[in-house]
Amino acid sequence: MPTQSRTKAPGSLLYHPVYARLLCEVAQEHGLPVTDILREAGLSAARIDSTAQHIGHAQMNALIRGVRARCDDPLLPFELGAKARSDVHGLPGIAMLCSRDLRQGLSTLCQLSSLRSSQFRGQLSESAGEVRLDFMPVSPIHDLQEFICAALGLILAQLLASMLGEQRRQLRVGLPMPSPECAETVASWFPCPVAFNAPTLSVSLPLALLDQPCPAADAHTHAVALRQCALDQMGLQGDLASRLRAHLASCQLEYPSLEDCARLLCLSPRSLSRALQQTGCSYQKLLDEAREQEALRLLTHSPLSVEQIAWQLGYADPSNFNRAFRRWQSCTPQAWRLQRNLRAD
């Protein structure tokens, strides 16, 4: 990532403690010394039983390593994923499952996934008659990539299968790991086809299914859950500008308006604008920051064209995106991408 971008520091990456609890359940079923493993990771049973505070990614990673060091069963991550049924994902899971259709559900998943784990970030793309959702780590996870991607892949498959109903077999999951010896057993746990040796953790499905109504669609429940999730998302940050910055960074395909953000904070738009002004900031400045950050990320890590990136950032006219990018970086998006690729070579 270029130095101009404002990627969140690895130390601030968080996991919801429910996933630590599920991993400890798996470890206990294998007869492992859970108390010792927790202590080595700087955790305790009381800490992971509390939902009041997320745990750091370093602690979660240490917990995974502690379990793996004592048990090399290749099915461990899939056992973890299998335990994460839809009811363990809290309000983000409810908001997703109660979406109007798959299009809204996928957007909700990308928007709210950071409330459960900010270690990965989802990216939606459309091509060749299918929609694809890639989940990529925002910081290196090195030796844990296969374990975490295996568990997360099964979690995503189960969530999306719940929304697809009888069409679940049209869903496909790609795992960035070699095919294990127990591949047939692993495949039997997935509600859809799964492929190994994929370049990224991904799920894909036919574009025609995006407008399919979700079985549990409920507009009121979706709106209530989404509102509370946005407040929770902001609550993970500190001051008002930081909380709004984090919320805007989590949005994809549709950025909220000033009025939308004010409602989430139970403020009037005027009060929110005044509060931001007192910190030397403004909603438009925060929105520009979020769009610039996302533009640089997509230009660096995605194969999307400049026109597709403009659309994903909310610009109906690519020329408006080009003008905005010139203000940010003093060059066009295409020129910035070319210069970065030349430096990388």
# chains A, B, ... in the order shown; residues from 1 in each chain; ligands from 1
>>> residues_around(residues="Leu299 in chain A", least_positions_apart="3", cutoff="12 Å", atoms="only C-alpha atoms", output="JSON, numbers by chain")
{"A": [1, 2, 5, 291, 292, 293, 294, 295, 296, 302, 303, 304, 305, 306, 307, 308, 309, 310, 312, 313, 325, 332, 333, 334, 335, 336, 337, 338, 339, 340, 341]}
>>> write_last_selection(atoms="N, CA, C and O atoms", output="CSV table (one decimal), in the first residue's frame")
chain,number,residue,atom,x,y,z
A,1,MET,N,0.9,-1.2,0.0
A,1,MET,CA,0.0,0.0,0.0
A,1,MET,C,0.9,1.2,0.0
A,1,MET,O,1.8,1.3,0.8
A,2,PRO,N,0.6,2.2,-0.8
A,2,PRO,CA,1.4,3.4,-0.9
A,2,PRO,C,1.4,4.1,0.5
A,2,PRO,O,0.4,4.0,1.2
A,5,SER,N,-1.7,6.2,1.9
A,5,SER,CA,-3.0,5.6,2.4
A,5,SER,C,-2.9,5.5,4.0
A,5,SER,O,-1.9,5.6,4.6
A,291,ARG,N,-13.0,7.9,0.5
A,291,ARG,CA,-13.0,7.6,-0.9
A,291,ARG,C,-11.5,7.5,-1.4
A,291,ARG,O,-11.2,6.6,-2.2
A,292,GLU,N,-10.7,8.4,-1.0
A,292,GLU,CA,-9.3,8.4,-1.4
A,292,GLU,C,-8.6,7.1,-0.9
A,292,GLU,O,-7.9,6.4,-1.7
A,293,GLN,N,-8.8,6.8,0.3
A,293,GLN,CA,-8.3,5.5,0.9
A,293,GLN,C,-8.7,4.3,0.1
A,293,GLN,O,-7.9,3.4,-0.3
A,294,GLU,N,-10.0,4.2,-0.2
A,294,GLU,CA,-10.5,3.1,-0.9
A,294,GLU,C,-10.0,3.1,-2.4
A,294,GLU,O,-9.7,2.0,-2.9
A,295,ALA,N,-9.9,4.3,-3.0
A,295,ALA,CA,-9.5,4.4,-4.4
A,295,ALA,C,-8.0,3.8,-4.5
A,295,ALA,O,-7.7,3.1,-5.4
A,296,LEU,N,-7.2,4.3,-3.5
A,296,LEU,CA,-5.8,3.8,-3.6
A,296,LEU,C,-5.7,2.3,-3.3
A,296,LEU,O,-4.9,1.6,-4.0
A,302,SER,N,-6.7,-4.4,-6.8
A,302,SER,CA,-7.7,-5.0,-7.5
A,302,SER,C,-7.5,-4.9,-9.0
A,302,SER,O,-6.8,-3.9,-9.4
A,303,PRO,N,-8.1,-5.8,-9.8
A,303,PRO,CA,-8.0,-5.6,-11.3
A,303,PRO,C,-9.0,-4.8,-11.9
A,303,PRO,O,-9.2,-4.6,-13.1
A,304,LEU,N,-9.9,-4.1,-11.0
A,304,LEU,CA,-11.0,-3.3,-11.5
A,304,LEU,C,-10.5,-2.2,-12.4
A,304,LEU,O,-9.4,-1.6,-12.1
A,305,SER,N,-11.3,-1.8,-13.4
A,305,SER,CA,-10.9,-0.7,-14.2
A,305,SER,C,-11.2,0.6,-13.5
A,305,SER,O,-11.9,0.6,-12.4
A,306,VAL,N,-10.7,1.7,-14.0
A,306,VAL,CA,-10.9,3.0,-13.3
A,306,VAL,C,-12.4,3.3,-13.3
A,306,VAL,O,-12.9,3.8,-12.3
A,307,GLU,N,-13.1,3.0,-14.4
A,307,GLU,CA,-14.5,3.2,-14.4
A,307,GLU,C,-15.3,2.4,-13.4
A,307,GLU,O,-16.2,2.9,-12.7
A,308,GLN,N,-14.9,1.1,-13.2
A,308,GLN,CA,-15.5,0.3,-12.2
A,308,GLN,C,-15.2,0.8,-10.8
A,308,GLN,O,-16.1,0.8,-9.9
A,309,ILE,N,-14.0,1.3,-10.5
A,309,ILE,CA,-13.6,1.8,-9.2
A,309,ILE,C,-14.5,3.1,-9.0
A,309,ILE,O,-14.9,3.3,-7.8
A,310,ALA,N,-14.6,3.9,-10.0
A,310,ALA,CA,-15.4,5.1,-9.8
A,310,ALA,C,-16.8,4.8,-9.4
A,310,ALA,O,-17.4,5.4,-8.4
A,312,GLN,N,-17.8,2.0,-7.9
A,312,GLN,CA,-17.8,1.4,-6.5
A,312,GLN,C,-17.6,2.5,-5.4
A,312,GLN,O,-18.1,2.3,-4.3
A,313,LEU,N,-17.0,3.6,-5.8
A,313,LEU,CA,-16.9,4.7,-4.8
A,313,LEU,C,-18.1,5.7,-4.8
A,313,LEU,O,-18.1,6.7,-4.1
A,325,PHE,N,-9.7,12.7,-7.9
A,325,PHE,CA,-8.4,12.0,-7.7
A,325,PHE,C,-7.3,13.0,-8.0
A,325,PHE,O,-6.2,12.9,-7.3
A,332,THR,N,-4.0,11.6,-12.5
A,332,THR,CA,-5.2,10.8,-12.8
A,332,THR,C,-5.1,9.4,-12.1
A,332,THR,O,-3.9,9.0,-11.8
A,333,PRO,N,-6.2,8.7,-11.9
A,333,PRO,CA,-6.1,7.3,-11.3
A,333,PRO,C,-5.2,6.4,-12.2
A,333,PRO,O,-4.5,5.6,-11.6
A,334,GLN,N,-5.4,6.5,-13.5
A,334,GLN,CA,-4.7,5.6,-14.4
A,334,GLN,C,-3.2,5.9,-14.3
A,334,GLN,O,-2.3,5.0,-14.3
A,335,ALA,N,-2.8,7.2,-14.2
A,335,ALA,CA,-1.4,7.5,-14.1
A,335,ALA,C,-0.8,7.1,-12.8
A,335,ALA,O,0.3,6.6,-12.7
A,336,TRP,N,-1.6,7.2,-11.7
A,336,TRP,CA,-1.1,6.8,-10.4
A,336,TRP,C,-0.9,5.3,-10.4
A,336,TRP,O,0.1,4.8,-9.8
A,337,ARG,N,-1.8,4.5,-10.9
A,337,ARG,CA,-1.7,3.0,-11.0
A,337,ARG,C,-0.4,2.7,-11.8
A,337,ARG,O,0.3,1.8,-11.4
A,338,LEU,N,-0.2,3.3,-12.9
A,338,LEU,CA,0.9,3.0,-13.8
A,338,LEU,C,2.2,3.3,-13.1
A,338,LEU,O,3.2,2.5,-13.1
A,339,GLN,N,2.3,4.5,-12.4
A,339,GLN,CA,3.5,4.8,-11.7
A,339,GLN,C,3.8,3.8,-10.5
A,339,GLN,O,4.9,3.5,-10.3
A,340,ARG,N,2.8,3.4,-9.9
A,340,ARG,CA,3.0,2.5,-8.8
A,340,ARG,C,3.5,1.1,-9.3
A,340,ARG,O,4.3,0.5,-8.7
A,341,ASN,N,2.9,0.7,-10.4
A,341,ASN,CA,3.3,-0.6,-11.0
A,341,ASN,C,4.8,-0.5,-11.5
A,341,ASN,O,5.5,-1.5,-11.4
>>> residues_around(residues="Ser204 in chain A", least_positions_apart="5", cutoff="7 Å", atoms="only C-alpha atoms", output="list in words")
Glu130, Val131, Arg132, Leu133, Leu171, Arg172 and Val173 of chain A
>>> select_by_dssp(residues="range 58-224 of chain A", states="strand (DSSP E or B)", output="JSON, numbers by chain")
{"A": [101, 117, 120, 121, 122, 123, 124, 125, 126, 127, 130, 131, 132, 133, 134, 135, 136, 137, 172, 173, 174, 194, 195, 201, 202, 203, 204, 205, 206, 213]}
>>> residues_around(residues="Ala45 in chain A", least_positions_apart="5", cutoff="12 Å", atoms="only C-alpha atoms", output="PyMOL selection string")
chain A and resi 17-18+20-25+34-39+50
>>> select_by_dssp(residues="range 172-343 of chain A", states="alpha helix (DSSP H)", output="number ranges by chain")
A: 183-189, 219-235, 240-250, 258-264, 269-278, 283-301, 306-312, 318-329, 333-343
>>> closest_residue(among="A:Cys98, A:Leu115, A:Val26, A:Leu159", to="Ala230 in chain A", atoms="only C-alpha atoms")
A:Leu115
>>> residues_around(residues="His142 in chain A", least_positions_apart="6", cutoff="12 Å", atoms="only C-alpha atoms", output="PyMOL selection string")
chain A and resi 61+65+148-149
